[in-house]
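Pasted below: upload_26.cif, mmCIF, C-alpha atoms.
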```
data_structure
#
loop_
_atom_site.label_atom_id
_atom_site.label_comp_id
_atom_site.auth_asym_id
_atom_site.auth_seq_id
_atom_site.Cartn_x
_atom_site.Cartn_y
_atom_site.Cartn_z
CA MET A 283 92.78 109.23 98.92
CA ALA A 284 92.27 110.11 102.60
CA LEU A 285 90.40 106.84 103.18
CA ALA A 286 93.24 104.99 101.48
CA LEU A 287 95.78 106.52 103.87
CA LEU A 288 93.62 105.53 106.84
CA GLY A 289 93.75 101.96 105.56
CA GLU A 290 97.56 101.88 105.70
CA TRP A 291 97.55 100.38 109.22
CA PRO A 292 100.70 98.29 108.60
CA LEU A 293 102.69 101.53 108.27
CA SER A 294 101.60 102.61 111.76
CA MET A 295 102.69 99.24 113.17
CA ASN A 296 105.97 99.49 111.29
CA LEU A 297 106.76 102.97 112.60
CA ALA A 298 105.62 102.17 116.16
CA THR A 299 107.79 99.05 116.33
CA THR A 300 110.75 100.97 114.92
CA ALA A 301 110.31 103.68 117.56
CA VAL A 302 110.08 101.09 120.36
CA PHE A 303 113.30 99.36 119.32
CA LEU A 304 115.13 102.64 118.76
CA VAL A 305 114.37 103.67 122.35
CA PHE A 306 114.23 100.35 124.21
CA GLY A 307 116.08 98.02 121.81
CA PRO A 308 119.23 97.46 123.94
CA ARG A 309 117.09 96.71 127.00
CA LEU A 310 114.78 94.34 125.10
CA LEU A 311 117.60 92.42 123.44
CA VAL A 312 120.15 92.34 126.26
CA ASP A 313 119.10 88.89 127.52
CA LEU A 314 117.37 86.38 125.24
CA SER A 315 118.08 83.30 127.33
CA HIS A 316 114.48 83.05 128.52
CA PRO A 317 112.56 80.99 125.92
CA VAL A 318 109.32 83.02 126.14
CA ARG A 319 111.11 86.36 125.85
CA PHE A 320 113.20 85.12 122.94
CA THR A 321 110.17 83.70 121.09
CA LEU A 322 108.08 86.84 121.57
CA ILE A 323 110.77 89.22 120.34
CA LEU A 324 111.73 87.09 117.34
CA THR A 325 108.09 86.57 116.36
CA TRP A 326 107.25 90.25 116.87
CA LEU A 327 110.09 91.51 114.68
CA PHE A 328 109.61 88.87 112.00
CA LEU A 329 105.85 89.42 111.69
CA ILE A 330 106.13 93.22 111.58
CA MET A 331 108.79 92.99 108.88
CA LEU A 332 106.74 90.42 106.97
CA VAL A 333 103.65 92.66 107.04
CA SER A 334 105.78 95.57 105.85
CA VAL A 335 107.27 93.54 103.00
CA PHE A 336 103.76 92.54 101.90
CA ALA A 337 102.78 96.23 101.95
CA VAL A 338 105.82 97.14 99.84
CA VAL A 339 104.89 94.50 97.29
CA ARG A 340 101.24 95.61 97.34
CA HIS A 341 102.29 99.11 96.29
CA ALA A 342 104.79 97.69 93.80
CA GLU A 343 101.97 95.67 92.22
CA CYS A 344 99.86 98.80 91.95
CA LEU A 345 102.80 100.47 90.23
CA ALA A 346 103.00 97.45 87.94
CA GLU A 347 99.37 98.00 86.97
CA LYS A 348 100.08 101.67 86.22
CA LEU A 349 103.31 101.05 84.32
CA GLY A 350 102.36 97.88 82.41
CA GLU A 351 104.51 94.87 81.57
CA PRO A 352 107.39 94.21 81.73
CA LEU A 353 108.21 97.50 83.50
CA GLY A 354 105.67 96.72 86.21
CA THR A 355 107.20 93.37 87.10
CA LEU A 356 110.62 95.04 87.09
CA ALA A 357 109.41 97.52 89.73
CA LEU A 358 108.22 94.57 91.83
CA THR A 359 111.48 92.62 91.61
CA LEU A 360 113.66 95.69 92.28
CA SER A 361 111.59 96.55 95.36
CA VAL A 362 112.04 93.06 96.80
CA THR A 363 115.75 93.00 95.95
CA GLY A 364 116.16 96.38 97.62
CA ILE A 365 114.64 94.97 100.81
CA GLU A 366 116.92 91.94 100.62
CA VAL A 367 120.04 94.09 100.25
CA MET A 368 118.98 96.35 103.14
CA ILE A 369 118.38 93.40 105.47
CA ILE A 370 121.67 91.69 104.59
CA VAL A 371 123.76 94.85 104.91
CA ALA A 372 122.04 95.88 108.14
CA ALA A 373 122.56 92.44 109.67
CA MET A 374 126.20 92.27 108.58
CA SER A 375 126.83 95.75 110.02
CA THR A 376 126.38 94.45 113.55
CA GLU A 377 129.40 93.48 115.64
CA GLN A 378 128.66 89.78 115.20
CA GLY A 379 127.83 90.05 111.50
CA ASN A 380 128.11 86.66 109.78
CA PRO A 381 130.52 86.85 106.79
CA THR A 382 128.56 84.10 104.99
CA LEU A 383 125.13 85.69 105.48
CA ALA A 384 124.98 87.26 102.01
CA ARG A 385 126.05 84.00 100.37
CA ASP A 386 123.54 81.94 102.34
CA ALA A 387 120.70 84.38 101.63
CA MET A 388 121.41 84.51 97.88
CA PHE A 389 121.74 80.74 97.66
CA ALA A 390 118.48 80.38 99.58
CA VAL A 391 116.75 82.73 97.13
CA ILE A 392 118.00 80.66 94.20
CA MET A 393 116.89 77.37 95.72
CA ILE A 394 113.52 78.66 96.96
CA VAL A 395 112.68 80.32 93.64
CA LEU A 396 114.19 78.01 91.03
CA ASN A 397 113.03 74.87 92.80
CA GLY A 398 110.39 75.60 95.44
CA MET A 399 108.36 78.31 93.74
CA VAL A 400 108.95 77.26 90.12
CA GLY A 401 108.03 73.71 91.14
CA LEU A 402 104.89 74.84 92.98
CA THR A 403 103.65 77.12 90.19
CA LEU A 404 104.24 74.47 87.52
CA LEU A 405 102.58 71.82 89.66
CA ILE A 406 99.41 73.74 90.50
CA GLY A 407 99.22 75.18 87.01
CA GLY A 408 99.59 71.72 85.51
CA LEU A 409 96.99 70.22 87.82
CA LYS A 410 94.48 72.92 86.90
CA TYR A 411 95.22 73.44 83.19
CA HIS A 412 97.24 70.30 82.22
CA GLU A 413 99.69 72.43 80.23
CA GLN A 414 100.61 76.10 80.36
CA ASP A 415 102.52 78.23 77.89
CA TYR A 416 104.84 81.23 78.14
CA ASN A 417 107.33 83.11 75.95
CA LEU A 418 110.38 80.87 75.63
CA GLN A 419 112.64 83.70 74.46
CA GLY A 420 112.10 85.63 77.68
CA ALA A 421 112.89 82.65 79.93
CA ASN A 422 116.03 81.91 77.92
CA ALA A 423 117.12 85.54 78.25
CA PHE A 424 116.78 85.33 82.03
CA LEU A 425 118.73 82.06 82.25
CA ALA A 426 121.45 83.27 79.88
CA VAL A 427 122.35 85.95 82.46
CA ILE A 428 121.60 83.94 85.62
CA LEU A 429 123.93 81.02 84.79
CA PRO A 430 127.25 82.87 84.33
CA LEU A 431 126.63 85.34 87.17
CA ALA A 432 125.67 82.54 89.59
CA VAL A 433 128.81 80.54 88.78
CA LEU A 434 131.10 83.59 88.83
CA GLY A 435 129.67 84.88 92.09
CA LEU A 436 129.03 81.74 94.14
CA VAL A 437 131.37 79.06 92.75
CA LEU A 438 134.47 80.81 91.39
CA PRO A 439 135.63 82.20 94.80
CA ASN A 440 136.43 78.62 95.86
CA TYR A 441 139.10 78.35 93.17
CA THR A 442 140.85 81.74 93.27
CA ASP A 443 144.30 81.97 94.91
CA SER A 444 144.66 85.72 95.45
CA SER A 445 142.49 85.73 98.61
CA PRO A 446 141.73 83.07 101.24
CA ASP A 447 138.56 81.43 102.53
CA GLN A 448 136.21 81.50 99.52
CA THR A 449 136.52 85.26 99.08
CA PHE A 450 137.44 87.65 96.27
CA SER A 451 140.40 90.02 96.27
CA PRO A 452 139.50 93.74 96.02
CA LEU A 453 140.38 93.74 92.30
CA GLN A 454 138.26 90.65 91.64
CA ALA A 455 135.38 92.05 93.71
CA GLY A 456 135.50 95.32 91.77
CA PHE A 457 135.57 93.49 88.44
CA LEU A 458 132.61 91.25 89.33
CA THR A 459 130.67 94.26 90.62
CA LEU A 460 131.14 96.17 87.36
CA VAL A 461 130.41 93.14 85.19
CA SER A 462 127.27 92.22 87.14
CA VAL A 463 125.82 95.71 87.07
CA ALA A 464 126.71 96.18 83.40
CA LEU A 465 125.20 92.83 82.37
CA TYR A 466 122.06 93.51 84.39
CA GLY A 467 121.83 96.92 82.73
CA VAL A 468 122.07 95.31 79.28
CA PHE A 469 119.32 92.89 80.28
CA LEU A 470 117.07 95.74 81.43
CA THR A 471 117.67 97.48 78.13
CA ILE A 472 116.40 94.54 76.11
CA GLN A 473 113.60 93.79 78.59
CA ASN A 474 112.19 97.30 78.52
CA GLY A 475 113.36 98.38 75.09
CA ARG A 476 113.66 96.69 71.74
CA HIS A 477 112.82 93.18 72.98
CA ARG A 478 109.87 93.82 75.31
CA ALA A 479 107.90 91.23 73.33
CA TYR A 480 110.15 88.48 74.73
CA PHE A 481 108.55 88.97 78.14
CA ARG A 482 104.93 89.06 77.04
CA ILE A 483 102.52 86.58 75.57
CA SER A 484 99.43 87.26 73.50
CA ARG A 485 96.12 86.43 75.22
CA PRO A 486 92.48 86.74 74.21
CA GLN A 487 90.81 89.75 75.82
CA GLU A 488 88.59 87.63 78.09
CA ALA A 489 91.66 85.79 79.40
CA LYS A 490 93.39 89.09 80.14
CA THR A 491 90.37 90.27 82.11
CA ALA A 492 90.31 87.07 84.17
CA GLN A 493 94.03 87.33 84.88
CA ARG A 494 93.73 90.95 85.98
CA LYS A 495 91.17 89.96 88.62
CA TRP A 496 93.74 87.62 90.14
CA ARG A 497 96.53 90.17 90.02
CA ILE A 498 95.05 93.38 91.42
CA VAL A 499 92.73 93.37 94.39
CA HIS A 500 93.66 96.83 95.70
CA GLU A 501 92.67 100.31 94.59
CA VAL A 502 95.25 101.83 92.24
CA TYR A 503 96.13 105.51 92.69
CA SER A 504 98.83 107.73 91.18
CA VAL A 505 102.42 106.63 90.63
CA ARG A 506 103.64 109.25 93.11
CA TYR A 507 101.28 107.99 95.83
CA HIS A 508 102.46 104.40 95.57
CA VAL A 509 106.16 105.33 95.28
CA LEU A 510 106.03 107.48 98.43
CA LEU A 511 104.27 104.81 100.47
CA LEU A 512 106.58 102.12 99.14
CA LEU A 513 109.60 104.13 100.35
CA ALA A 514 107.88 104.90 103.67
CA TYR A 515 107.51 101.18 104.35
CA MET A 516 111.04 100.33 103.27
CA ALA A 517 112.97 102.94 105.28
CA PRO A 518 112.25 101.55 108.80
CA LEU A 519 113.17 98.04 107.65
CA VAL A 520 116.86 98.99 107.88
CA ILE A 521 116.55 99.63 111.62
CA LEU A 522 114.36 96.59 112.24
CA SER A 523 116.81 94.39 110.31
CA GLN A 524 119.65 95.28 112.67
CA HIS A 525 117.53 94.30 115.65
CA LEU A 526 116.26 91.11 113.97
CA ALA A 527 119.88 90.05 113.51
CA VAL A 528 120.31 89.80 117.32
CA PRO A 529 117.80 86.96 117.96
CA ILE A 530 118.90 85.23 114.74
CA ASP A 531 122.54 85.31 115.88
CA PHE A 532 121.40 84.04 119.28
CA THR A 533 119.60 81.14 117.59
CA ILE A 534 122.72 80.15 115.69
CA GLY A 535 125.38 80.84 118.31
CA VAL A 536 123.64 79.71 121.50
CA LEU A 537 120.96 77.28 120.36
CA GLY A 538 123.22 75.59 117.81
CA ALA A 539 121.03 76.11 114.74
CA PRO A 540 122.69 75.75 111.29
CA VAL A 541 124.44 78.92 110.10
CA ALA A 542 122.59 78.69 106.76
CA LEU A 543 119.28 79.07 108.60
CA ALA A 544 119.77 82.84 108.86
CA GLY A 545 120.02 83.19 105.09
CA PHE A 546 116.99 80.95 104.62
CA LEU A 547 114.88 83.07 107.01
CA ILE A 548 115.86 86.28 105.21
CA ALA A 549 115.03 84.73 101.84
CA MET A 550 111.64 83.51 103.09
CA LEU A 551 110.89 86.96 104.49
CA VAL A 552 111.58 88.86 101.28
CA LEU A 553 110.21 86.23 98.87
CA ALA A 554 106.84 85.57 100.56
CA PRO A 555 104.85 88.28 98.70
CA GLU A 556 106.43 87.60 95.32
CA SER A 557 105.84 83.90 95.75
CA LEU A 558 102.18 84.55 96.44
CA GLY A 559 101.98 86.71 93.32
CA ALA A 560 103.58 84.00 91.18
CA VAL A 561 101.19 81.35 92.49
CA ARG A 562 98.15 83.57 91.89
CA ALA A 563 99.33 84.24 88.34
CA ALA A 564 99.73 80.50 87.68
CA LEU A 565 96.20 79.86 89.01
CA ALA A 566 94.94 82.52 86.60
CA ASN A 567 96.74 80.69 83.74
CA ASP A 568 99.20 83.58 83.41
CA LEU A 569 102.41 81.58 83.57
CA GLN A 570 104.24 84.32 81.71
CA ARG A 571 103.85 86.64 84.69
CA SER A 572 104.98 83.86 87.04
CA VAL A 573 108.12 83.34 84.94
CA ASN A 574 108.81 87.09 84.86
CA ILE A 575 108.43 87.36 88.64
CA LEU A 576 110.39 84.25 89.62
CA LEU A 577 113.28 84.39 87.18
CA GLY A 578 113.39 88.15 87.60
CA SER A 579 113.84 87.69 91.36
CA VAL A 580 116.76 85.32 90.91
CA LEU A 581 118.42 87.57 88.34
CA ALA A 582 117.99 90.69 90.47
CA THR A 583 119.36 88.87 93.51
CA ILE A 584 122.49 87.72 91.68
CA GLY A 585 122.94 90.77 89.46
CA LEU A 586 122.38 93.40 92.17
CA THR A 587 122.83 91.81 95.61
CA ILE A 588 126.31 90.46 94.88
CA PRO A 589 127.61 93.88 93.74
CA ALA A 590 125.89 95.58 96.69
CA VAL A 591 127.40 93.32 99.35
CA LEU A 592 130.83 93.32 97.70
CA THR A 593 130.78 97.12 97.65
CA PHE A 594 129.68 97.14 101.29
CA GLY A 595 132.51 94.78 102.18
CA LEU A 596 135.11 96.98 100.47
CA LEU A 597 133.83 100.20 102.06
CA ALA A 598 133.25 98.77 105.56
CA ARG A 599 136.33 96.51 105.45
CA LYS A 600 134.15 93.48 106.16
CA THR A 601 134.99 89.96 105.01
CA ILE A 602 132.40 88.71 102.50
CA ILE A 603 132.51 84.94 101.92
CA LEU A 604 130.68 84.08 98.69
CA GLY A 605 132.03 80.66 97.72
CA LEU A 606 129.59 77.80 98.34
CA ASP A 607 130.43 74.51 100.02
CA PRO A 608 130.70 71.38 97.81
CA VAL A 609 127.21 70.16 98.77
CA ASP A 610 125.67 73.51 97.86
CA ILE A 611 127.63 73.69 94.61
CA THR A 612 126.10 70.33 93.69
CA LEU A 613 122.60 71.62 94.44
CA LEU A 614 123.24 74.84 92.53
CA SER A 615 124.52 72.92 89.50
CA LEU A 616 121.48 70.63 89.53
CA SER A 617 119.14 73.62 89.85
CA LEU A 618 120.69 75.49 86.92
CA VAL A 619 120.76 72.44 84.66
CA LEU A 620 117.20 71.47 85.58
CA SER A 621 115.94 75.02 85.00
CA THR A 622 117.59 75.09 81.60
CA MET A 623 115.86 71.83 80.70
CA THR A 624 112.50 72.96 82.10
CA PHE A 625 112.53 76.17 80.11
CA SER A 626 113.68 74.55 76.87
CA SER A 627 110.07 74.05 75.79
CA SER A 628 107.33 76.66 75.60
CA ARG A 629 104.84 74.44 77.47
CA THR A 630 105.06 73.05 81.00
CA ASN A 631 103.36 70.24 82.88
CA VAL A 632 103.00 68.58 86.30
CA LEU A 633 106.10 66.37 85.97
CA LEU A 634 108.45 69.33 85.66
CA GLY A 635 106.97 70.91 88.77
CA ALA A 636 107.35 67.69 90.77
CA VAL A 637 111.05 67.36 89.87
CA HIS A 638 111.78 70.94 90.95
CA LEU A 639 109.98 70.38 94.26
CA LEU A 640 112.01 67.23 94.88
CA LEU A 641 115.23 69.22 94.59
CA PHE A 642 113.82 71.90 96.91
CA PHE A 643 113.03 69.34 99.61
CA ALA A 644 116.57 67.97 99.27
CA TYR A 645 117.87 71.50 99.91
CA LEU A 646 115.70 71.82 103.05
CA LEU A 647 117.00 68.50 104.37
CA LEU A 648 120.61 69.47 103.77
CA ILE A 649 120.26 72.72 105.71
CA PHE A 650 119.85 70.69 108.91
CA GLN A 651 121.58 67.42 108.04
CA ARG A 652 124.80 67.41 106.04
#
```

Structure rendered as structure tokens:
Amino acid sequence: MALALLGEWPLSMNLATTAVFLVFGPRLLVDLSHPVRFTLILTWLFLIMLVSVFAVVRHAECLAEKLGEPLGTLALTLSVTGIEVMIIVAAMSTEQGNPTLARDAMFAVIMIVLNGMVGLTLLIGGLKYHEQDYNLQGANAFLAVILPLAVLGLVLPNYTDSSPDQTFSPLQAGFLTLVSVALYGVFLTIQNGRHRAYFRISRPQEAKTAQRKWRIVHEVYSVRYHVLLLLAYMAPLVILSQHLAVPIDFTIGVLGAPVALAGFLIAMLVLAPESLGAVRAALANDLQRSVNILLGSVLATIGLTIPAVLTFGLLARKTIILGLDPVDITLLSLSLVLSTMTFSSSRTNVLLGAVHLLLFFAYLLLIFQR
């Protein structure tokens, strides 16, 4: 145990960086006009936060090994969603907080996961194994909740009259918050209760052993040990997120970068470890775990992040713009329809992965060129 704690070097870097920016943050961030200074600070903060997110997911994966499926994957997705919410809220708490940041980050998560990562996992899995199977009932359960919540949260605000500028009125925000949390709670009940079998697939023992080698490469200790370290890594991320928002806002406001780029960077930051886990599972011919991770990430983002940011907006009296632009609504509609078609059969192949990747590349293009 003592040797394991000595190996937690990312935590030392995390805490040291947090201390530096708590003491010297205003001085370091007061002038970012010099290109070298700007690049160093942005890279420093982003890399430290990325290393910390990987550490959080590493401990979440160890918890997953201790808790078993699907509870283990749930711990992983909730950890990543918690980081996403903290970063968004911390960034929006600044004086120059972008009212569309939450919308852009959630949309980026949907596009990266449903198209980029689903496409990549299906493509590499298909190239290696020709076809892969998973539990169709579980994927359908995910999509049955994702579709209505995505449309209600990211499309409906464009067509309501009680509040301006693609926003919800307080009553509508409260209703959507309650409905989202309640529906996500019902989903968790069936995922971890009477319908756990929907999110598993039977494998021969030798296949399970091979898959486990891909999934866990770290020593697993007690649940308490991993929970405490997971929280220790997550806590400083709130402070670092507020400081990361300064160079990101500078990039958008001064350098003229697209506003949606901030949401994309946040999504990439929080999704990197989960994406790696999904790819490793696909390479180990464990597509079921990839589906649980990827669709679980999208569902947690929509079902929990939307209520969290709406609640933050009501309490902090901040404007939260959730309604997507027409171009993004088109991409969202295509992604949801394509995902429904992809997961209508219990076996996948290379073609499905290629189509999802095509839509992801279209999303990347449209961030910079509308």

Sort by chain and increasing residue number a table of all residues of range 435-552 of chain A within 12 Å of range 325-331 of chain A, each with its closest pair of atoms and their distance in Å to one decimal, counting all atoms listed in the file, and write it as CSV.
```
residue,atom,partner,partner_atom,distance
A:Tyr515,CA,A:Met331,CA,9.4
A:Met516,CA,A:Met331,CA,9.5
A:Ala517,CA,A:Met331,CA,11.4
A:Pro518,CA,A:Met331,CA,9.2
A:Leu519,CA,A:Met331,CA,6.8
A:Val520,CA,A:Met331,CA,10.1
A:Ile521,CA,A:Met331,CA,10.6
A:Leu522,CA,A:Leu327,CA,7.1
A:Ser523,CA,A:Met331,CA,8.3
A:Gln524,CA,A:Leu327,CA,10.5
A:His525,CA,A:Leu327,CA,8.0
A:Leu526,CA,A:Leu327,CA,6.2
A:Ala527,CA,A:Leu327,CA,10.0
A:Val528,CA,A:Leu327,CA,10.7
A:Pro529,CA,A:Leu327,CA,9.5
A:Ile530,CA,A:Phe328,CA,10.3
A:Leu547,CA,A:Phe328,CA,9.3
A:Ile548,CA,A:Phe328,CA,9.6
A:Met550,CA,A:Phe328,CA,10.6
A:Leu551,CA,A:Met331,CA,7.7
A:Val552,CA,A:Met331,CA,9.1
```

Atoms kept (C-alpha atoms) for selection, written as an mmCIF file, in the frame of the given file:
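Result written to part_34.cif:
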```
data_model
loop_
_atom_site.group_PDB
_atom_site.id
_atom_site.type_symbol
_atom_site.label_atom_id
_atom_site.label_comp_id
_atom_site.auth_asym_id
_atom_site.auth_seq_id
_atom_site.Cartn_x
_atom_site.Cartn_y
_atom_site.Cartn_z
ATOM 1 C CA TYR A 515 107.510 101.180 104.350
ATOM 2 C CA MET A 516 111.040 100.330 103.270
ATOM 3 C CA ALA A 517 112.970 102.940 105.280
ATOM 4 C CA PRO A 518 112.250 101.550 108.800
ATOM 5 C CA LEU A 519 113.170 98.040 107.650
ATOM 6 C CA VAL A 520 116.860 98.990 107.880
ATOM 7 C CA ILE A 521 116.550 99.630 111.620
ATOM 8 C CA LEU A 522 114.360 96.590 112.240
ATOM 9 C CA SER A 523 116.810 94.390 110.310
ATOM 10 C CA GLN A 524 119.650 95.280 112.670
ATOM 11 C CA HIS A 525 117.530 94.300 115.650
ATOM 12 C CA LEU A 526 116.260 91.110 113.970
ATOM 13 C CA ALA A 527 119.880 90.050 113.510
ATOM 14 C CA VAL A 528 120.310 89.800 117.320
ATOM 15 C CA PRO A 529 117.800 86.960 117.960
ATOM 16 C CA ILE A 530 118.900 85.230 114.740
ATOM 17 C CA LEU A 547 114.880 83.070 107.010
ATOM 18 C CA ILE A 548 115.860 86.280 105.210
ATOM 19 C CA MET A 550 111.640 83.510 103.090
ATOM 20 C CA LEU A 551 110.890 86.960 104.490
ATOM 21 C CA VAL A 552 111.580 88.860 101.280
#
```

Report, as AutoDock Vina command-line options, the centre and edge lengths in Å (one decimal) of the axis-aligned box enclosing every listed atom of range 555-573 of chain A, padded by 6 Å on each side.
```
--center_x 101.5 --center_y 84.1 --center_z 90.2 --size_x 25.2 --size_y 20.4 --size_z 29.0
```

Quick one: residues within 8 Å of Leu293 in chain A, only C-alpha atoms, excluding same-chain residues fewer than 2 positions away - as an MDAnalysis selection string?
chainID A and resid 290:291 295:297 334 514:515

Per residue of range 392-433 of chain A within 12 Å of range 561-566 of chain A, which atom pair is closest and at what distance in Å (one decimal), using all atoms listed in the file, listed by chain and increasing number, as a Markdown table?
```
| residue | atom | partner | partner_atom | distance |
| --- | --- | --- | --- | --- |
| A:Val395 | CA | A:Val561 | CA | 11.6 |
| A:Gly398 | CA | A:Val561 | CA | 11.2 |
| A:Met399 | CA | A:Val561 | CA | 7.9 |
| A:Val400 | CA | A:Val561 | CA | 9.1 |
| A:Gly401 | CA | A:Val561 | CA | 10.3 |
| A:Leu402 | CA | A:Val561 | CA | 7.5 |
| A:Thr403 | CA | A:Val561 | CA | 5.4 |
| A:Leu404 | CA | A:Ala564 | CA | 7.5 |
| A:Leu405 | CA | A:Ala564 | CA | 9.3 |
| A:Ile406 | CA | A:Leu565 | CA | 7.1 |
| A:Gly407 | CA | A:Ala564 | CA | 5.4 |
| A:Gly408 | CA | A:Ala564 | CA | 9.0 |
| A:Leu409 | CA | A:Leu565 | CA | 9.7 |
| A:Lys410 | CA | A:Leu565 | CA | 7.5 |
| A:Tyr411 | CA | A:Leu565 | CA | 8.7 |
| A:His412 | CA | A:Leu565 | CA | 11.8 |
| A:Glu413 | CA | A:Ala564 | CA | 11.0 |
| A:Gln414 | CA | A:Ala564 | CA | 8.6 |
| A:Asp415 | CA | A:Ala564 | CA | 10.4 |
| A:Tyr416 | CA | A:Ala564 | CA | 10.8 |
```

Within 6 Å of range 474-484 of chain A, counting all atoms listed in the file, which residues show up once you throw out same-chain ones fewer than 6 positions away? Write them as an mmCIF file with C-alpha atoms, keeping the file's coordinate frame, please.
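What landed in out.cif:
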```cif
data_model
loop_
_atom_site.group_PDB
_atom_site.id
_atom_site.type_symbol
_atom_site.label_atom_id
_atom_site.label_comp_id
_atom_site.auth_asym_id
_atom_site.auth_seq_id
_atom_site.Cartn_x
_atom_site.Cartn_y
_atom_site.Cartn_z
ATOM 1 C CA ASN A 417 107.330 83.110 75.950
ATOM 2 C CA GLN A 419 112.640 83.700 74.460
ATOM 3 C CA GLY A 420 112.100 85.630 77.680
#
```

May I have the residues at most 7 Å from (125.0, 91.2, 98.5) in the file's coordinates, counting only C-alpha atoms, as a VMD selection string?
chain A and resid 367 370 384 587 to 592

List the spatial neighbours of range 543-546 of chain A as a short mmCIF file (atom, residue, chain, number, x, y, z; two decimals) with C-alpha atoms, in the coordinates of the input - criterion: any atom at most 10 Å away, all atoms listed in the file, same-chain residues fewer than 2 positions off excluded.
```cif
data_model
loop_
_atom_site.label_atom_id
_atom_site.label_comp_id
_atom_site.auth_asym_id
_atom_site.auth_seq_id
_atom_site.Cartn_x
_atom_site.Cartn_y
_atom_site.Cartn_z
CA ILE A 370 121.67 91.69 104.59
CA ASN A 380 128.11 86.66 109.78
CA THR A 382 128.56 84.10 104.99
CA LEU A 383 125.13 85.69 105.48
CA ALA A 384 124.98 87.26 102.01
CA ARG A 385 126.05 84.00 100.37
CA ASP A 386 123.54 81.94 102.34
CA ALA A 387 120.70 84.38 101.63
CA MET A 388 121.41 84.51 97.88
CA PHE A 389 121.74 80.74 97.66
CA ALA A 390 118.48 80.38 99.58
CA VAL A 391 116.75 82.73 97.13
CA MET A 393 116.89 77.37 95.72
CA ILE A 394 113.52 78.66 96.96
CA ALA A 527 119.88 90.05 113.51
CA ILE A 530 118.90 85.23 114.74
CA ASP A 531 122.54 85.31 115.88
CA THR A 533 119.60 81.14 117.59
CA ILE A 534 122.72 80.15 115.69
CA ALA A 539 121.03 76.11 114.74
CA PRO A 540 122.69 75.75 111.29
CA VAL A 541 124.44 78.92 110.10
CA ILE A 548 115.86 86.28 105.21
CA ALA A 549 115.03 84.73 101.84
CA MET A 550 111.64 83.51 103.09
CA LEU A 551 110.89 86.96 104.49
CA LEU A 646 115.70 71.82 103.05
CA ILE A 649 120.26 72.72 105.71
CA PHE A 650 119.85 70.69 108.91
#
```

Please determine, counting only C-alpha atoms, which residue among A:Phe532, A:Val632, A:Leu553, A:Leu576 has the shortest atom-to-atom distance to Ile365 in chain A.
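Between A:Phe532, A:Val632, A:Leu553, A:Leu576, the residue approaching Ile365 in chain A most closely is A:Leu553.
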
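Distance annotation: of A:Leu345, A:Leu537, A:Leu596, A:Ala421, the residue with the minimal separation from Asn574 in chain A is A:Ala421; atom set is only C-alpha atoms.
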
Picked residues, the PyMOL selection byres ((chain A and resi 359) around 12), as a CSV table (one decimal) with C-alpha atoms, keeping the file's coordinate frame:
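Result file follows (out23.csv):
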```csv
chain,number,residue,atom,x,y,z
A,338,VAL,CA,105.8,97.1,99.8
A,339,VAL,CA,104.9,94.5,97.3
A,342,ALA,CA,104.8,97.7,93.8
A,343,GLU,CA,102.0,95.7,92.2
A,345,LEU,CA,102.8,100.5,90.2
A,346,ALA,CA,103.0,97.4,87.9
A,352,PRO,CA,107.4,94.2,81.7
A,353,LEU,CA,108.2,97.5,83.5
A,354,GLY,CA,105.7,96.7,86.2
A,355,THR,CA,107.2,93.4,87.1
A,356,LEU,CA,110.6,95.0,87.1
A,357,ALA,CA,109.4,97.5,89.7
A,358,LEU,CA,108.2,94.6,91.8
A,360,LEU,CA,113.7,95.7,92.3
A,361,SER,CA,111.6,96.6,95.4
A,362,VAL,CA,112.0,93.1,96.8
A,363,THR,CA,115.8,93.0,96.0
A,364,GLY,CA,116.2,96.4,97.6
A,365,ILE,CA,114.6,95.0,100.8
A,366,GLU,CA,116.9,91.9,100.6
A,552,VAL,CA,111.6,88.9,101.3
A,553,LEU,CA,110.2,86.2,98.9
A,555,PRO,CA,104.8,88.3,98.7
A,556,GLU,CA,106.4,87.6,95.3
A,557,SER,CA,105.8,83.9,95.8
A,559,GLY,CA,102.0,86.7,93.3
A,560,ALA,CA,103.6,84.0,91.2
A,571,ARG,CA,103.8,86.6,84.7
A,572,SER,CA,105.0,83.9,87.0
A,573,VAL,CA,108.1,83.3,84.9
A,574,ASN,CA,108.8,87.1,84.9
A,575,ILE,CA,108.4,87.4,88.6
A,576,LEU,CA,110.4,84.2,89.6
A,577,LEU,CA,113.3,84.4,87.2
A,578,GLY,CA,113.4,88.2,87.6
A,579,SER,CA,113.8,87.7,91.4
A,580,VAL,CA,116.8,85.3,90.9
A,581,LEU,CA,118.4,87.6,88.3
A,582,ALA,CA,118.0,90.7,90.5
A,583,THR,CA,119.4,88.9,93.5
A,585,GLY,CA,122.9,90.8,89.5
A,586,LEU,CA,122.4,93.4,92.2
```

N, CA and C atoms modelled onto range 611-615 of chain A, as a short mmCIF file (atom, residue, chain, number, x, y, z; two decimals), in the frame of the given file:
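Final file, rebuild-v3.cif:
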```cif
data_model
loop_
_atom_site.label_atom_id
_atom_site.label_comp_id
_atom_site.auth_asym_id
_atom_site.auth_seq_id
_atom_site.Cartn_x
_atom_site.Cartn_y
_atom_site.Cartn_z
N ILE A 611 127.26 73.57 96.03
CA ILE A 611 127.63 73.69 94.61
C ILE A 611 126.91 72.61 93.80
N THR A 612 126.82 71.42 94.37
CA THR A 612 126.10 70.33 93.69
C THR A 612 124.63 70.70 93.49
N LEU A 613 124.01 71.22 94.55
CA LEU A 613 122.60 71.62 94.44
C LEU A 613 122.41 72.76 93.45
N LEU A 614 123.33 73.73 93.48
CA LEU A 614 123.24 74.84 92.53
C LEU A 614 123.37 74.35 91.10
N SER A 615 124.32 73.45 90.86
CA SER A 615 124.52 72.92 89.50
C SER A 615 123.27 72.18 89.02
#
```
